[in-house]
>>> print(open('target-v5.cif').read())   # mmCIF, C-alpha atoms and all ligand atoms
data_entry
#
loop_
_atom_site.label_atom_id
_atom_site.label_comp_id
_atom_site.auth_asym_id
_atom_site.auth_seq_id
_atom_site.Cartn_x
_atom_site.Cartn_y
_atom_site.Cartn_z
CA MET P 1 -70.65 -34.57 -8.96
CA ARG P 2 -67.40 -32.61 -9.40
CA CYS P 3 -64.44 -34.95 -9.26
CA VAL P 4 -60.79 -35.29 -10.19
CA VAL P 5 -58.64 -38.34 -10.81
CA GLN P 6 -55.12 -38.37 -9.39
CA LYS P 7 -52.55 -41.02 -10.26
CA TYR P 8 -49.58 -41.73 -8.02
CA GLY P 9 -46.66 -43.59 -9.62
CA GLY P 10 -44.41 -46.18 -8.04
CA SER P 11 -41.81 -43.82 -6.60
CA SER P 12 -44.56 -41.69 -5.00
CA VAL P 13 -45.76 -44.70 -2.98
CA ALA P 14 -42.42 -46.44 -2.53
CA ASP P 15 -42.64 -46.73 1.27
CA LEU P 16 -45.08 -46.15 4.13
CA ASP P 17 -43.92 -42.58 4.78
CA ARG P 18 -44.64 -41.67 1.18
CA ILE P 19 -48.00 -43.45 1.28
CA ARG P 20 -48.87 -41.34 4.34
CA ALA P 21 -47.78 -38.21 2.46
CA VAL P 22 -49.87 -39.20 -0.57
CA ALA P 23 -52.84 -39.76 1.77
CA ALA P 24 -52.38 -36.22 3.10
CA ARG P 25 -52.21 -34.84 -0.46
CA VAL P 26 -55.41 -36.69 -1.44
CA ALA P 27 -57.10 -35.46 1.73
CA ARG P 28 -56.16 -31.86 0.90
CA THR P 29 -57.74 -32.16 -2.57
CA ARG P 30 -60.91 -33.63 -1.08
CA GLY P 31 -60.90 -30.84 1.47
CA ASP P 32 -61.56 -28.49 -1.43
CA GLY P 33 -64.98 -30.08 -1.86
CA VAL P 34 -64.09 -32.22 -4.84
CA GLY P 35 -64.60 -35.97 -5.19
CA VAL P 36 -61.28 -37.79 -5.58
CA VAL P 37 -60.40 -41.02 -7.33
CA ALA P 38 -56.79 -41.90 -6.54
CA VAL P 39 -55.17 -44.42 -8.90
CA VAL P 40 -52.04 -46.06 -7.54
CA SER P 41 -49.07 -47.94 -8.98
CA ALA P 42 -47.16 -50.73 -7.31
CA MET P 43 -44.75 -49.62 -4.57
CA GLY P 44 -41.27 -48.69 -5.84
CA ASN P 45 -39.69 -51.53 -7.78
CA THR P 46 -42.40 -54.11 -6.96
CA THR P 47 -43.49 -54.79 -10.56
CA ASN P 48 -39.89 -55.50 -11.62
CA GLU P 49 -39.39 -57.74 -8.60
CA LEU P 50 -42.52 -59.75 -9.38
CA LEU P 51 -41.43 -60.11 -13.01
CA ALA P 52 -37.98 -61.26 -11.83
CA LEU P 53 -39.65 -63.96 -9.70
CA ALA P 54 -41.54 -65.18 -12.76
CA HIS P 55 -38.43 -65.21 -14.92
CA ALA P 56 -36.51 -67.10 -12.26
CA LEU P 57 -39.02 -69.91 -12.78
CA ALA P 58 -39.63 -69.77 -16.50
CA PRO P 59 -37.78 -67.97 -19.31
CA ARG P 60 -41.08 -67.25 -21.09
CA PRO P 61 -43.71 -67.16 -18.36
CA ASP P 62 -47.32 -67.71 -19.38
CA ARG P 63 -48.87 -64.29 -20.01
CA ARG P 64 -52.14 -65.00 -18.21
CA GLU P 65 -50.26 -66.07 -15.10
CA LEU P 66 -47.99 -63.03 -15.39
CA ASP P 67 -51.06 -60.83 -15.19
CA MET P 68 -52.30 -62.66 -12.10
CA LEU P 69 -48.88 -62.06 -10.55
CA VAL P 70 -48.10 -58.45 -11.42
CA SER P 71 -51.63 -57.12 -10.82
CA VAL P 72 -50.99 -57.87 -7.15
CA GLY P 73 -48.45 -55.03 -6.88
CA GLU P 74 -51.06 -52.30 -7.33
CA ARG P 75 -53.49 -54.08 -5.00
CA ILE P 76 -51.01 -53.88 -2.14
CA THR P 77 -50.71 -50.11 -2.59
CA MET P 78 -54.46 -49.51 -2.91
CA ALA P 79 -55.24 -51.22 0.39
CA LEU P 80 -52.41 -49.44 2.24
CA LEU P 81 -53.44 -46.02 0.90
CA ALA P 82 -57.06 -46.62 1.89
CA MET P 83 -55.87 -47.53 5.41
CA ALA P 84 -53.70 -44.40 5.57
CA LEU P 85 -56.62 -42.19 4.54
CA ARG P 86 -58.93 -43.78 7.10
CA ASP P 87 -56.24 -43.16 9.68
CA LEU P 88 -56.50 -39.45 8.80
CA GLY P 89 -60.27 -39.65 9.33
CA VAL P 90 -61.03 -39.63 5.59
CA PRO P 91 -63.47 -42.34 4.45
CA ALA P 92 -61.84 -44.29 1.63
CA VAL P 93 -62.41 -47.59 -0.11
CA SER P 94 -60.01 -49.50 -2.34
CA LEU P 95 -61.11 -51.17 -5.56
CA THR P 96 -59.33 -53.36 -8.10
CA GLY P 97 -59.41 -52.50 -11.79
CA SER P 98 -62.12 -55.10 -12.29
CA GLN P 99 -64.23 -53.70 -9.42
CA SER P 100 -63.79 -50.25 -10.96
CA GLY P 101 -65.40 -51.48 -14.19
CA ILE P 102 -62.35 -51.40 -16.47
CA ILE P 103 -63.08 -53.88 -19.25
CA THR P 104 -60.26 -54.80 -21.64
CA ASP P 105 -59.55 -57.01 -24.61
CA GLU P 106 -57.87 -60.39 -24.04
CA ARG P 107 -54.30 -59.33 -24.84
CA HIS P 108 -52.58 -60.40 -21.62
CA ALA P 109 -49.75 -58.15 -20.36
CA ASP P 110 -50.58 -55.47 -22.95
CA ALA P 111 -54.37 -55.18 -22.94
CA ARG P 112 -56.41 -52.29 -24.36
CA VAL P 113 -59.38 -50.81 -22.52
CA VAL P 114 -62.57 -51.43 -24.51
CA GLU P 115 -65.22 -50.21 -22.06
CA VAL P 116 -65.51 -48.60 -18.63
CA ARG P 117 -68.50 -49.17 -16.33
CA PRO P 118 -67.96 -46.61 -13.57
CA GLN P 119 -71.19 -47.09 -11.58
CA ARG P 120 -69.48 -48.51 -8.52
CA LEU P 121 -67.01 -45.62 -8.45
CA ARG P 122 -69.87 -43.15 -8.77
CA ASP P 123 -71.57 -44.77 -5.78
CA VAL P 124 -68.39 -44.40 -3.72
CA LEU P 125 -68.03 -40.73 -4.67
CA GLU P 126 -71.69 -40.02 -3.98
CA ARG P 127 -71.28 -41.42 -0.48
CA GLY P 128 -68.53 -38.81 -0.03
CA GLU P 129 -65.77 -41.41 0.11
CA VAL P 130 -62.44 -41.38 -1.68
CA ALA P 131 -62.07 -44.21 -4.21
CA ILE P 132 -58.60 -45.75 -4.36
CA VAL P 133 -58.13 -47.74 -7.56
CA ALA P 134 -55.40 -50.26 -8.35
CA GLY P 135 -53.84 -48.98 -11.58
CA PHE P 136 -52.51 -50.95 -14.55
CA GLN P 137 -55.23 -53.62 -14.56
CA GLY P 138 -58.64 -54.55 -15.83
CA VAL P 139 -60.76 -57.57 -16.57
CA SER P 140 -61.60 -59.12 -19.92
CA ARG P 141 -65.09 -60.05 -21.07
CA THR P 142 -64.18 -63.66 -20.24
CA ARG P 143 -63.44 -62.46 -16.68
CA GLU P 144 -59.69 -62.89 -16.87
CA VAL P 145 -57.46 -60.40 -15.02
CA THR P 146 -55.45 -58.39 -17.55
CA THR P 147 -52.78 -55.70 -17.30
CA LEU P 148 -52.43 -52.64 -19.52
CA GLY P 149 -48.72 -52.64 -20.40
CA ARG P 150 -45.80 -51.14 -18.47
CA GLY P 151 -46.73 -47.66 -17.34
CA GLY P 152 -50.40 -48.58 -17.60
CA SER P 153 -51.51 -46.91 -14.36
CA ASP P 154 -51.52 -43.70 -16.40
CA THR P 155 -54.09 -45.34 -18.69
CA THR P 156 -56.25 -46.30 -15.72
CA ALA P 157 -56.34 -42.67 -14.60
CA VAL P 158 -57.28 -41.33 -18.01
CA VAL P 159 -59.98 -43.88 -18.82
CA LEU P 160 -61.61 -43.33 -15.42
CA ALA P 161 -61.45 -39.54 -15.85
CA ALA P 162 -63.23 -39.92 -19.20
CA ALA P 163 -65.89 -42.27 -17.84
CA LEU P 164 -66.60 -40.12 -14.78
CA GLY P 165 -66.48 -36.79 -16.63
CA ALA P 166 -63.76 -35.73 -14.19
CA GLU P 167 -62.32 -32.21 -14.39
CA HIS P 168 -58.91 -33.66 -15.21
CA ALA P 169 -56.54 -36.56 -14.72
CA GLU P 170 -53.53 -35.44 -12.71
CA ILE P 171 -50.54 -37.73 -13.29
CA CYS P 172 -48.34 -37.34 -10.21
CA SER P 173 -44.74 -38.47 -10.40
CA ASP P 174 -41.23 -37.90 -9.06
CA VAL P 175 -40.59 -35.13 -11.62
CA ASP P 176 -42.36 -31.78 -11.92
CA GLY P 177 -44.24 -32.39 -15.17
CA VAL P 178 -42.86 -33.10 -18.63
CA TRP P 179 -39.44 -31.71 -19.52
CA SER P 180 -37.74 -31.07 -22.85
CA ALA P 181 -35.73 -34.25 -22.13
CA ASP P 182 -35.33 -36.60 -19.18
CA PRO P 183 -33.87 -34.20 -16.58
CA ARG P 184 -31.84 -37.10 -15.18
CA LEU P 185 -30.04 -37.41 -18.51
CA VAL P 186 -29.86 -33.87 -19.90
CA ALA P 187 -28.66 -31.15 -17.52
CA THR P 188 -29.94 -28.36 -19.81
CA ALA P 189 -33.48 -29.77 -20.06
CA VAL P 190 -36.27 -27.35 -19.14
CA LYS P 191 -39.74 -27.96 -17.80
CA LEU P 192 -42.54 -27.44 -20.31
CA ASP P 193 -45.45 -25.44 -18.88
CA THR P 194 -47.71 -26.70 -21.65
CA LEU P 195 -47.32 -29.41 -24.27
CA GLY P 196 -49.60 -30.27 -27.19
CA LEU P 197 -51.22 -33.70 -26.96
CA ASP P 198 -49.84 -34.75 -30.36
CA ALA P 199 -46.28 -33.88 -29.38
CA ALA P 200 -46.83 -35.60 -26.02
CA LEU P 201 -47.98 -38.73 -27.82
CA ALA P 202 -44.92 -38.65 -30.09
CA LEU P 203 -42.71 -38.25 -27.01
CA ALA P 204 -44.42 -41.13 -25.19
CA ARG P 205 -44.18 -43.37 -28.26
CA GLY P 206 -40.50 -42.47 -28.43
CA GLY P 207 -39.98 -44.01 -24.99
CA ALA P 208 -40.26 -41.13 -22.47
CA LYS P 209 -41.59 -42.87 -19.38
CA VAL P 210 -43.15 -39.79 -17.82
CA LEU P 211 -46.45 -40.39 -19.63
CA PHE P 212 -47.62 -43.70 -21.11
CA GLU P 213 -48.58 -43.56 -24.79
CA ASP P 214 -51.94 -45.34 -24.42
CA ALA P 215 -52.99 -42.83 -21.77
CA VAL P 216 -52.06 -39.85 -23.95
CA ARG P 217 -53.83 -41.31 -26.97
CA TYR P 218 -56.99 -42.01 -24.96
CA ALA P 219 -56.92 -38.50 -23.54
CA ARG P 220 -56.60 -37.01 -27.01
CA ASP P 221 -59.39 -39.17 -28.42
CA HIS P 222 -61.79 -38.65 -25.49
CA GLY P 223 -61.06 -35.03 -24.64
CA VAL P 224 -59.56 -35.68 -21.19
CA ALA P 225 -57.47 -32.86 -19.70
CA ILE P 226 -54.12 -34.15 -18.38
CA GLN P 227 -52.01 -32.33 -15.86
CA ALA P 228 -48.57 -33.82 -15.13
CA SER P 229 -47.50 -32.87 -11.60
CA THR P 230 -44.92 -33.60 -8.98
CA THR P 231 -46.31 -35.55 -6.01
CA PHE P 232 -44.11 -33.91 -3.41
CA GLY P 233 -42.77 -30.39 -3.24
CA PRO P 234 -43.60 -27.24 -5.14
CA GLY P 235 -43.94 -27.09 -8.91
CA SER P 236 -46.41 -25.97 -11.53
CA GLY P 237 -46.23 -29.12 -13.67
CA THR P 238 -47.25 -29.42 -17.31
CA LEU P 239 -50.70 -29.01 -18.82
CA LEU P 240 -51.34 -31.00 -21.99
CA THR P 241 -53.17 -28.90 -24.56
CA THR P 242 -54.91 -29.44 -27.87
CA ASP P 243 -52.53 -26.97 -29.51
CA ALA P 244 -51.11 -28.40 -32.75
CA ALA P 245 -49.30 -25.42 -34.27
CA PRO P 246 -46.43 -26.78 -36.39
CA VAL P 247 -42.96 -26.23 -35.00
CA ASP P 248 -39.59 -25.82 -36.70
CA ARG P 249 -37.42 -27.36 -34.00
CA PRO P 250 -37.78 -30.17 -31.43
CA VAL P 251 -40.06 -29.45 -28.48
CA ALA P 252 -38.78 -32.48 -26.57
CA VAL P 253 -36.30 -35.29 -27.10
CA THR P 254 -36.28 -38.83 -25.79
CA SER P 255 -34.79 -42.24 -26.45
CA ASP P 256 -35.82 -45.85 -26.30
CA ASP P 257 -33.50 -48.74 -25.55
CA GLN P 258 -36.26 -51.34 -25.17
CA LEU P 259 -36.36 -51.83 -28.92
CA VAL P 260 -35.30 -54.64 -31.23
CA ALA P 261 -34.90 -54.78 -34.98
CA VAL P 262 -36.63 -57.80 -36.51
CA PRO P 263 -35.82 -58.85 -40.09
CA LEU P 264 -39.00 -59.46 -42.08
CA GLY P 265 -37.58 -62.16 -44.37
CA PRO P 266 -39.63 -63.89 -47.08
CA ASP P 267 -42.79 -64.32 -44.94
CA ALA P 268 -43.15 -60.82 -43.54
CA ALA P 269 -46.78 -61.32 -42.52
CA ALA P 270 -45.90 -64.33 -40.35
CA VAL P 271 -43.07 -62.43 -38.68
CA VAL P 272 -45.27 -59.42 -37.87
CA ALA P 273 -48.04 -61.71 -36.58
CA ALA P 274 -45.52 -63.44 -34.28
CA VAL P 275 -44.22 -60.08 -33.04
CA MET P 276 -47.72 -58.92 -32.16
CA ALA P 277 -48.72 -62.23 -30.59
CA GLY P 278 -45.63 -62.08 -28.38
CA GLY P 279 -46.51 -58.66 -26.95
CA GLY P 280 -44.31 -56.56 -29.25
CA ARG P 281 -45.46 -53.19 -30.53
CA VAL P 282 -44.27 -52.46 -34.05
CA ARG P 283 -42.96 -48.90 -34.15
CA ARG P 284 -42.05 -48.61 -37.81
CA ARG P 285 -40.85 -50.48 -40.87
CA VAL P 286 -37.43 -49.55 -42.18
CA GLY P 287 -36.81 -51.37 -45.47
CA ASP P 288 -36.75 -55.07 -44.68
CA VAL P 289 -36.76 -54.77 -40.87
CA VAL P 290 -39.30 -53.58 -38.31
CA HIS P 291 -38.43 -51.75 -35.09
CA VAL P 292 -40.35 -53.34 -32.23
CA ASP P 293 -40.90 -52.15 -28.65
CA VAL P 294 -40.46 -55.26 -26.49
CA ARG P 295 -41.14 -53.86 -22.99
CA ASN P 296 -44.27 -56.02 -22.77
CA ALA P 297 -42.82 -59.10 -24.49
CA HIS P 298 -41.54 -60.57 -21.19
CA GLY P 299 -38.97 -63.11 -22.26
CA GLY P 300 -38.53 -62.19 -25.88
CA LEU P 301 -40.34 -62.82 -29.12
CA THR P 302 -40.79 -66.28 -30.63
CA LEU P 303 -40.09 -65.64 -34.29
CA PRO P 304 -40.74 -68.02 -37.18
CA GLY P 305 -37.90 -69.58 -39.20
CA SER P 306 -34.40 -68.36 -38.47
CA ALA P 307 -35.36 -64.73 -37.77
CA VAL P 308 -33.40 -63.23 -34.88
CA ALA P 309 -34.23 -59.96 -33.12
CA SER P 310 -31.32 -57.64 -32.30
CA PRO P 311 -31.35 -54.87 -29.67
CA ILE P 312 -31.28 -51.32 -31.04
CA ALA P 313 -31.63 -47.78 -29.68
CA VAL P 314 -33.53 -44.90 -31.24
CA VAL P 315 -33.54 -41.20 -30.37
CA THR P 316 -36.79 -39.33 -31.05
CA ALA P 317 -37.49 -35.61 -31.36
CA ALA P 318 -41.14 -34.69 -30.82
CA GLY P 319 -43.02 -31.63 -31.99
CA SER P 320 -46.17 -30.93 -33.94
CA GLY P 321 -45.55 -31.63 -37.64
CA LEU P 322 -41.85 -32.23 -37.04
CA GLY P 323 -41.85 -35.45 -39.07
CA GLU P 324 -42.21 -33.38 -42.24
CA ARG P 325 -39.21 -31.17 -41.47
CA ALA P 326 -36.42 -32.80 -43.49
CA ASP P 327 -34.27 -29.76 -42.67
CA VAL P 328 -34.48 -30.54 -38.94
CA GLY P 329 -33.78 -34.20 -39.69
CA LEU P 330 -30.60 -33.22 -41.52
CA ALA P 331 -29.63 -30.81 -38.75
CA GLY P 332 -29.99 -33.76 -36.36
CA GLU P 333 -27.65 -35.85 -38.50
CA GLY P 334 -25.16 -32.98 -38.46
CA ALA P 335 -25.39 -32.62 -34.69
CA LEU P 336 -24.86 -36.36 -34.24
CA ALA P 337 -21.88 -36.31 -36.60
CA ASP P 338 -20.38 -33.43 -34.58
CA ALA P 339 -20.83 -35.53 -31.45
CA ALA P 340 -19.19 -38.51 -33.24
CA VAL P 341 -22.37 -40.57 -32.89
CA PRO P 342 -22.93 -42.86 -35.91
CA VAL P 343 -26.45 -42.71 -37.42
CA LEU P 344 -27.49 -46.25 -38.39
CA ALA P 345 -30.86 -45.22 -39.87
CA SER P 346 -33.17 -42.21 -39.63
CA GLY P 347 -36.58 -40.98 -40.67
CA GLY P 348 -39.66 -39.13 -39.61
CA SER P 349 -43.42 -38.95 -39.91
CA GLY P 350 -46.27 -37.18 -38.18
CA ASP P 351 -45.02 -35.45 -35.06
CA GLN P 352 -41.64 -37.14 -34.72
CA LEU P 353 -38.17 -37.41 -36.23
CA TRP P 354 -35.97 -40.36 -35.26
CA TRP P 355 -32.36 -41.47 -35.52
CA GLN P 356 -31.15 -45.01 -34.80
CA VAL P 357 -27.82 -44.91 -32.97
CA PRO P 358 -25.59 -47.50 -31.30
CA PRO P 359 -27.11 -48.42 -27.89
CA ASP P 360 -23.96 -47.36 -26.01
CA ARG P 361 -24.13 -43.83 -27.54
CA VAL P 362 -27.74 -43.08 -26.81
CA ALA P 363 -27.16 -40.58 -23.98
CA ASP P 364 -24.73 -38.51 -26.11
CA ALA P 365 -27.20 -38.65 -28.98
CA VAL P 366 -30.09 -37.33 -26.85
CA ARG P 367 -27.92 -34.44 -25.66
CA ALA P 368 -26.82 -33.61 -29.23
CA ILE P 369 -30.40 -33.57 -30.57
CA HIS P 370 -31.63 -31.64 -27.52
CA ALA P 371 -29.14 -28.89 -28.35
CA LEU P 372 -31.16 -28.22 -31.55
CA ARG P 373 -34.03 -26.80 -29.47
P1 LIG Y 401 -44.12 -43.10 -12.23
O1 LIG Y 401 -43.53 -44.25 -11.47
O2 LIG Y 401 -44.55 -41.98 -11.35
O3 LIG Y 401 -45.16 -43.52 -13.22
P2 LIG Y 401 -42.12 -43.06 -14.28
O4 LIG Y 401 -40.83 -43.61 -13.80
O5 LIG Y 401 -42.98 -43.93 -15.09
O6 LIG Y 401 -42.92 -42.47 -13.04
O7 LIG Y 401 -41.86 -41.71 -15.11
C1 LIG Y 401 -41.16 -40.65 -14.50
C2 LIG Y 401 -39.72 -40.67 -15.00
O8 LIG Y 401 -39.72 -40.41 -16.40
C3 LIG Y 401 -38.85 -39.58 -14.41
O9 LIG Y 401 -38.27 -39.99 -13.21
C4 LIG Y 401 -37.84 -39.30 -15.52
O10 LIG Y 401 -36.58 -39.86 -15.22
C5 LIG Y 401 -38.42 -39.98 -16.73
N1 LIG Y 401 -38.53 -39.11 -17.90
C6 LIG Y 401 -38.16 -39.47 -19.15
N2 LIG Y 401 -38.36 -38.48 -20.00
C7 LIG Y 401 -38.88 -37.44 -19.30
C8 LIG Y 401 -39.31 -36.13 -19.65
N3 LIG Y 401 -39.25 -35.68 -20.91
N4 LIG Y 401 -39.81 -35.34 -18.67
C9 LIG Y 401 -39.87 -35.79 -17.40
N5 LIG Y 401 -39.47 -37.03 -17.02
C10 LIG Y 401 -38.98 -37.85 -17.95
N1 LIG Y 402 -46.57 -50.94 -11.96
C1 LIG Y 402 -46.67 -50.92 -13.42
C2 LIG Y 402 -45.29 -50.71 -14.03
O1 LIG Y 402 -44.32 -50.69 -13.31
C3 LIG Y 402 -47.65 -49.90 -13.91
C4 LIG Y 402 -47.31 -48.47 -13.63
O2 LIG Y 402 -46.48 -48.18 -12.78
O3 LIG Y 402 -47.88 -47.60 -14.31
O4 LIG Y 402 -45.18 -50.63 -15.22
MG MG Y 403 -45.06 -44.36 -15.15
#
>>> encode(input="target-v5.cif", output="C-alpha cells")
Amino acid sequence: MRCVVQKYGGSSVADLDRIRAVAARVARTRGDGVGVVAVVSAMGNTTNELLALAHALAPRPDRRELDMLVSVGERITMALLAMALRDLGVPAVSLTGSQSGIITDERHADARVVEVRPQRLRDVLERGEVAIVAGFQGVSRTREVTTLGRGGSDTTAVVLAAALGAEHAEICSDVDGVWSADPRLVATAVKLDTLGLDAALALARGGAKVLFEDAVRYARDHGVAIQASTTFGPGSGTLLTTDAAPVDRPVAVTSDDQLVAVPLGPDAAAVVAAVMAGGGRVRRRVGDVVHVDVRNAHGGLTLPGSAVASPIAVVTAAGSGLGERADVGLAGEGALADAAVPVLASGGSGDQLWWQVPPDRVADAVRAIHALR
C-alpha cells in the first residue's frame, strides 16, 4: 500500500496545542489517500530534563538504565498524538520502537539498527489506521530497550521508510528544510532547495542538528528519499538528492561544540577502545590526538592511564568532493585570519573541510567560512 513516513521533532510537539496541530497535519496527509506512519520525538526539552534527572543522581549513570529512562519521552508523545488523532475522528494507534520491529545492536544510548520487522506496522496501515511510532528507540536481540543516539528519531523515520517501501521520509522540524548554515546563527544563510546526500551526511557529521547523521547514511545506503520540511507554516523544504557533482566552494557550513580532543598516548588502541566503549564517536585522528563527539557519552569518557579529554570546537564546510580542495581549505584559513579567529588545526577528506577554532570563537568562524559560498 502507498505510504509515507513523517517525523515530528521535539519543538513540533512541545505542547498540547502543537500536538493538536500535528494531528491535523497528519490527518490532511491521510486525507490524500496515503497511509501515514508518524514518528514522534519527546516533547520540547523532555529528553534533556530526563538526562538531568539521571545526572542529579549519578555522575555516570548506567547506560542501560539511561535508555529505560529517556525512551519514555517519546512514548508520552506517541500516546498523546494518537489520542489527538482519534479526537479528530482519525483511527490511530501508538507503538513503541520495539513494537514497531526496530531491532538494534546492544550499544546502549548509541545503538545501531540491525534489522526492521515491519509486519505489525503493515497490519495497522492495512486496517486504514495511522501508526504513531515512538522515535529514537528500539530493542536489542536480548530484548533490552535501546536508544539510537541524540537526534535518533530521524533514524527511526528513515529505517521504517526503507522497511515499508514508503514514498519518502519527511523530516518535519521548526526550520523550513536545510539551510546553508544554521539560520539562527548566520543571518545571510539561505535555504537549500536540494542537497546531495553525501554533502548532507558531511553536514550532519559536522554537527548540524537539522538531520541526524545515522539517518542520512541509512537513507543513502538504502535508497530512501528524504524531504526536510517545516511542520508549521508555508515552505518548500529541502529534497535530498543523489547528486554528487563536485563543487568548488562550500554548499553548507556548520560547527560542533560537543567535541573533545583525546591524546592517544603510548597505548593508542586502549584509548580508542575506551572512547568507543564510553559512547564516543571518533571523528578523525589529528597526529597524536583524536577528535571525539561526546554527545552520547553521558557523563564523560573513562580513559585509561592519565589521558584527559579537553573540549574543542570544529567548523565544517560540506560539499561534494570538497575535502580534496586544498585551495578552498586555504581560503578558509585566510577568511578566519581576516576575522581574527585562530586556526588550531585544519584538514579535509571526502565531502568536508574542517578548521579547529577556539570554542568561544565558533560563531564568528562559521560566519567567516559561510562568506566563502
Ligand atoms: P527537531 O527537534 O525537529 O529534530 P533539531 O533541533 O534536532 O529539530 O534540528 C533543527 C535545528 O537545527 C534548527 O532549529 C536549527 O537551529 C538547527 N540547524 C543547524 N544547522 C542547520 C542548517 N544547516 N539548516 C537548518 N537548521 C539547522
Ligand atoms: N528526543 C531525542 C533527542 O532529544 C531524539 C530526537 O529528538 O530525535 O535527542
Ligand atoms: Mg533532531
>>> closest_residue(input="target-v5.cif", among="P:Thr104, P:Ser173, P:Thr147, P:Thr156", to="ligand MG 403 (chain Y)", atoms="all atoms listed in the file")
P:Ser173
>>> atom_distance(input="target-v5.cif", atom1="atom CA of His370 of chain P", atom2="atom CA of Ala202 of chain P")
15.2 Å
>>> residues_near_ligand(input="target-v5.cif", ligand="ligand LIG 402 (chain Y)", cutoff="8 Å", atoms="all atoms listed in the file", output="ChimeraX atom specification")
/P:9-10,40-43,45-48,70,73-74,135-136,148-155,212
>>> closest_residue(input="target-v5.cif", among="P:Arg120, P:Arg60, P:His55, P:Lys209", to="ligand MG 403 (chain Y)", atoms="only C-alpha atoms and all ligand atoms")
P:Lys209
>>> closest_residue(input="target-v5.cif", among="P:Arg295, P:Lys7, P:Arg20, P:Arg361", to="Ala228 of chain P", atoms="only C-alpha atoms")
P:Lys7
>>> closest_residue(input="target-v5.cif", among="P:Pro61, P:Gly33, P:Gly223, P:Pro183", to="ligand LIG 401 (chain Y)", atoms="all atoms listed in the file")
P:Pro183
>>> residues_around(input="target-v5.cif", residues="Ala27 of chain P", least_positions_apart="6", cutoff="10 Å", atoms="all atoms listed in the file", output="list in words")
Ala21, Val36, Leu85, Leu88, Gly89, Val90, Pro91 and Val130 of chain P
>>> residues_near_ligand(input="target-v5.cif", ligand="ligand LIG 401 (chain Y)", cutoff="7 Å", atoms="only C-alpha atoms and all ligand atoms", output="PDB file with C-alpha atoms, in the frame of the given file")
ATOM      1  CA  TYR P   8     -49.580 -41.730  -8.020  1.00  0.00           C
ATOM      2  CA  GLY P   9     -46.660 -43.590  -9.620  1.00  0.00           C
ATOM      3  CA  GLY P  10     -44.410 -46.180  -8.040  1.00  0.00           C
ATOM      4  CA  SER P  11     -41.810 -43.820  -6.600  1.00  0.00           C
ATOM      5  CA  SER P  12     -44.560 -41.690  -5.000  1.00  0.00           C
ATOM      6  CA  GLY P 151     -46.730 -47.660 -17.340  1.00  0.00           C
ATOM      7  CA  CYS P 172     -48.340 -37.340 -10.210  1.00  0.00           C
ATOM      8  CA  SER P 173     -44.740 -38.470 -10.400  1.00  0.00           C
ATOM      9  CA  ASP P 174     -41.230 -37.900  -9.060  1.00  0.00           C
ATOM     10  CA  VAL P 175     -40.590 -35.130 -11.620  1.00  0.00           C
ATOM     11  CA  GLY P 177     -44.240 -32.390 -15.170  1.00  0.00           C
ATOM     12  CA  VAL P 178     -42.860 -33.100 -18.630  1.00  0.00           C
ATOM     13  CA  TRP P 179     -39.440 -31.710 -19.520  1.00  0.00           C
ATOM     14  CA  SER P 180     -37.740 -31.070 -22.850  1.00  0.00           C
ATOM     15  CA  ALA P 181     -35.730 -34.250 -22.130  1.00  0.00           C
ATOM     16  CA  ASP P 182     -35.330 -36.600 -19.180  1.00  0.00           C
ATOM     17  CA  PRO P 183     -33.870 -34.200 -16.580  1.00  0.00           C
ATOM     18  CA  ARG P 184     -31.840 -37.100 -15.180  1.00  0.00           C
ATOM     19  CA  ALA P 208     -40.260 -41.130 -22.470  1.00  0.00           C
ATOM     20  CA  LYS P 209     -41.590 -42.870 -19.380  1.00  0.00           C
ATOM     21  CA  VAL P 210     -43.150 -39.790 -17.820  1.00  0.00           C
ATOM     22  CA  LEU P 211     -46.450 -40.390 -19.630  1.00  0.00           C
ATOM     23  CA  ALA P 252     -38.780 -32.480 -26.570  1.00  0.00           C
ATOM     24  CA  VAL P 253     -36.300 -35.290 -27.100  1.00  0.00           C
ATOM     25  CA  THR P 254     -36.280 -38.830 -25.790  1.00  0.00           C
TER      26      THR P 254
END
>>> closest_residue(input="target-v5.cif", among="P:Asp15, P:Glu115, P:Asp214, P:Glu167", to="ligand MG 403 (chain Y)", atoms="only C-alpha atoms and all ligand atoms")
P:Asp214
>>> residues_around(input="target-v5.cif", residues="Gly278 of chain P", least_positions_apart="4", cutoff="12 Å", atoms="all atoms listed in the file", output="list in words")
Arg60, Pro61, Asp62, Arg63, Arg107, His108, Ala109, Asp110, Val271, Val272, Ala273, Ala274, Val282, Val292, Asp293, Val294, Arg295, Asn296, Ala297, His298, Gly299, Gly300, Leu301, Thr302, Leu303 and Pro304 of chain P
>>> residues_around(input="target-v5.cif", residues="Gln227 of chain P", least_positions_apart="2", cutoff="7 Å", atoms="only C-alpha atoms", output="PyMOL selection string")
chain P and resi 169-171+225+229+237-240
>>> closest_residue(input="target-v5.cif", among="P:Gly207, P:Pro250, P:Pro342, P:Gly323", to="ligand MG 403 (chain Y)", atoms="only C-alpha atoms and all ligand atoms")
P:Gly207
>>> atom_distance(input="target-v5.cif", atom1="atom CA of Val37 of chain P", atom2="atom CA of Ala131 of chain P")
4.8 Å
>>> atom_distance(input="target-v5.cif", atom1="atom CA of Glu144 of chain P", atom2="atom CA of Met276 of chain P")
19.8 Å
>>> residues_around(input="target-v5.cif", residues="Ile369 of chain P", least_positions_apart="5", cutoff="8 Å", atoms="all atoms listed in the file", output="ChimeraX atom specification")
/P:253,317,332,335-336
>>> residues_around(input="target-v5.cif", residues="Arg143 of chain P", least_positions_apart="4", cutoff="10 Å", atoms="all atoms listed in the file", output="list of chain:residue names")
P:Ser98, P:Ile103, P:Thr104, P:Glu106, P:Gly138, P:Val139
